[in-house]
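Let me begin by presenting the structure, written as structure tokens, before commenting on it.
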Amino acid sequence: MGTRASRYLASSGPPSNQSDTVNARASVSFFSSSDHTRSQRDKAPAARANFVYVDGRRFHGAENTPYMLPNDDEEADRLHEQHFALCALIGNNYVADQHGMRRVLDVGTGPGAWIMDMATEFPACEFIGVDVSPIQPVVVMPSNARFEITNILEGLCFADNAFDLVHARLLMAAMPKTCWPDLIADMARVCTSDGVVELCETDAIICNAGPVAEQVNGWLLAVCNMRVIDLSHVWGIPLMMQEAKLQVEKRVKYSMPIGEWCGPLGKVGLSGLVGIINGMRFSIMQACGVTDEHIDTLIAALPEEVNQRQSHWTIELTVGRKL
Ligand SMILES: C[S@@+](CC[C@H](N)C(=O)[O-])C[C@H]1O[C@@H](n2cnc3c(N)ncnc32)[C@H](O)[C@@H]1O
């Protein structure tokens with residue numbers, strides 16, 4: 001187990017009452033493709049995975065990894081929807097200049113929607129996505145895209161200066177507070193000189209919250225607190241980039257609407273929020289001592305309140321260039 005991962009509670013993984021199959025958490029370097037035998041490449045990662053199941057939802061089974069959202073099809077659908085919403089909000093999949101880009105790494109890639117889109121847009125470029133959960137496509141994918149299963153809290157398993165763009169999006173619930181600076185330093189290490197590191201993050205706190213959304217914010221903070229995650233650390237990203245010798249050349253803030261007050265985008269925001277609450281339901285009940293019924297009542301009351309208040313999340317994209 002890496003030193004970073006041991007800095008927070010060993011009990012921080014999702015509650016486990018059932019695990020399946022063999023564990024295949026080994027990290028493999030992408031660029032040494034000769035390291036992969038054909039049988040390793042062809043095997044669907046999910047078939048080699050270590051999962052745990054709680055209340056009908058599937059979670060990663062990695063030790064000392066505090067990320068608490070599921071990794072099942074329902075969550076993959078939520079992340080895909082969120083990907084398209086973010087693309088619509090930002091107007092693109094990135095804000096950094098992509099000139100001269102040849103190799104790109106996406107850290108905590110999830111089901112890989114960003115990689116798939118980017119690999120299609122830049123066919124001459126090589127894309128790699130890494131994640132602790134094997135939930136990426138294995139058959140229908142651009143030939144210039146690949147995925148690796150690795151725990152980013154144990155370090156990025158790539159050579160120095162390997163990528164022109166190192167991207168990460170929405171890792172706020174994955175990062176124990178002491179781990180952000182190390183991850184950003186590692187992203188800077190694998191980035192080529194004159195390449196860029198681009199991060200898209202939010203503290204996940206509902207802004208313009210009424211009493212219902214305030215309770216949801218409280219649940220989120222309590223669940224994260226139990227796992228030694230401080231969501232507000234995302235606002236320190238520009239400073240952490242500077243400390244990693246990245247020159248911050250862009251910071252752009254967006255408001256992601258929650259609720260029908262803002263049309264289709266807000267509708268996706270609200271369904272995403274409900275998906276997050278449902279995905280964290282067990283953790284919320286554990287951390288806050290609330291019942292299933294109480295959670296259902298709040299979910300039912302959310303649409304009206306977020307509409308009245310015009311609630312939203314604040315999202316910031318930060319681009320740092322390696323000098
Ligand atoms: C909110 S999702 C974001 C996924 C993707 N970046 C996107 O924007 O759609 C966070 C992702 O981080 C991954 N993750 C959490 N902890 C991790 C870890 N220690 N190592 C690697 N991936 C991790 C999760 O499996 C999940 O896919």
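Identifiers in this document derive from the order of the structure tokens: chains are assigned A, B, ..., residues are numbered from 1 separately in each chain, and ligands are numbered from 1 in order of occurrence.
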
Which residues in region 18-247 of chain A does DSSP call strand (DSSP E or B)? List them as a PyMOL selection string. chain A and resi 19-20+51-54+57-60+103-107+126-131+145-149+163-169+191-202+207+246-247

Kindly compile the residues surrounding ligand 1 within 6 Å, counting only C-alpha atoms and all ligand atoms, and format them as a ChimeraX atom specification. /A:65,67,79,83,108-110,131-133,150-153,168-171,174

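Summary of the local environment: counting only C-alpha atoms, residues at most 9 Å from Met175 (chain A), other than itself and those fewer than 3 positions away along its chain, are Thr65, Pro66, Tyr67, Leu153, Leu171, Met172, Thr178, Cys179, Trp180, Leu183, Val228, Ile229, Asp230 and Leu231 of chain A.
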
Could you save those same residues with C-alpha atoms as an mmCIF file, in the first residue's frame?
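part-v8.cif written:
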```cif
data_model
loop_
_atom_site.group_PDB
_atom_site.id
_atom_site.type_symbol
_atom_site.label_atom_id
_atom_site.label_comp_id
_atom_site.auth_asym_id
_atom_site.auth_seq_id
_atom_site.Cartn_x
_atom_site.Cartn_y
_atom_site.Cartn_z
ATOM 1 C CA THR A 65 -9.743 4.561 -0.821
ATOM 2 C CA PRO A 66 -12.406 6.894 0.549
ATOM 3 C CA TYR A 67 -14.430 7.455 -2.648
ATOM 4 C CA LEU A 153 -3.628 7.665 -4.238
ATOM 5 C CA LEU A 171 -12.199 14.140 -7.998
ATOM 6 C CA MET A 172 -13.339 16.175 -4.980
ATOM 7 C CA THR A 178 -3.669 15.631 2.621
ATOM 8 C CA CYS A 179 -3.484 13.980 -0.824
ATOM 9 C CA TRP A 180 -4.339 16.892 -3.158
ATOM 10 C CA LEU A 183 -1.590 14.320 -6.723
ATOM 11 C CA VAL A 228 -11.201 12.672 5.991
ATOM 12 C CA ILE A 229 -12.218 14.557 2.854
ATOM 13 C CA ASP A 230 -12.437 18.351 2.999
ATOM 14 C CA LEU A 231 -14.329 19.443 -0.104
#
```

Just the alpha helix (DSSP H) stuff from region 12-239 of chain A, please, per backbone DSSP, written as a ChimeraX atom specification. /A:38-42,73-90,113-121,180-190,211-226,237-239

Counting only C-alpha atoms, what is within 12 Å of Arg309 (chain A), bar same-chain residues fewer than 2 positions away, as a ChimeraX atom specification? /A:206-214,257-262,302-307,311-312

Which residue is closest to Val95 (chain A)? Choose from A:His80, A:Leu165, A:His60, A:Gln242 and count only C-alpha atoms. A:Leu165

Residues of region 181-274 of chain A that have any atom at most 10 Å from an atom of region 98-103 of chain A: could you tabulate them with the shortest-distance atom pair and the distance in Å to one decimal, using only C-alpha atoms, ordered by chain and increasing number, as a tab-separated table?
```
residue	atom	partner	partner_atom	distance
A:Cys191	CA	A:Arg103	CA	9.5
A:Thr192	CA	A:Arg103	CA	9.5
A:Gly195	CA	A:Met101	CA	8.2
A:Val196	CA	A:Gln98	CA	9.1
```

Take the selection from the previous step and output its residues with C-alpha atoms, as an mmCIF file, in the first residue's frame.
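Output file again-v8.cif follows:
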```cif
data_model
loop_
_atom_site.group_PDB
_atom_site.id
_atom_site.type_symbol
_atom_site.label_atom_id
_atom_site.label_comp_id
_atom_site.auth_asym_id
_atom_site.auth_seq_id
_atom_site.Cartn_x
_atom_site.Cartn_y
_atom_site.Cartn_z
ATOM 1 C CA CYS A 191 3.379 16.370 -17.755
ATOM 2 C CA THR A 192 5.877 17.400 -20.459
ATOM 3 C CA GLY A 195 2.502 20.883 -21.354
ATOM 4 C CA VAL A 196 -0.568 21.625 -19.231
#
```

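The closest residue to Asn161 (chain A), picked from A:Leu298, A:Ala188, A:Ile128, A:Val268 and counting only C-alpha atoms, is A:Ala188.
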
Rounded to one decimal place, report the CA of Ile205 (chain A)-CA of Asn217 (chain A) distance in Å.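 Spanning CA of Ile205 (chain A) to CA of Asn217 (chain A) is a straight-line distance of 5.8 Å.
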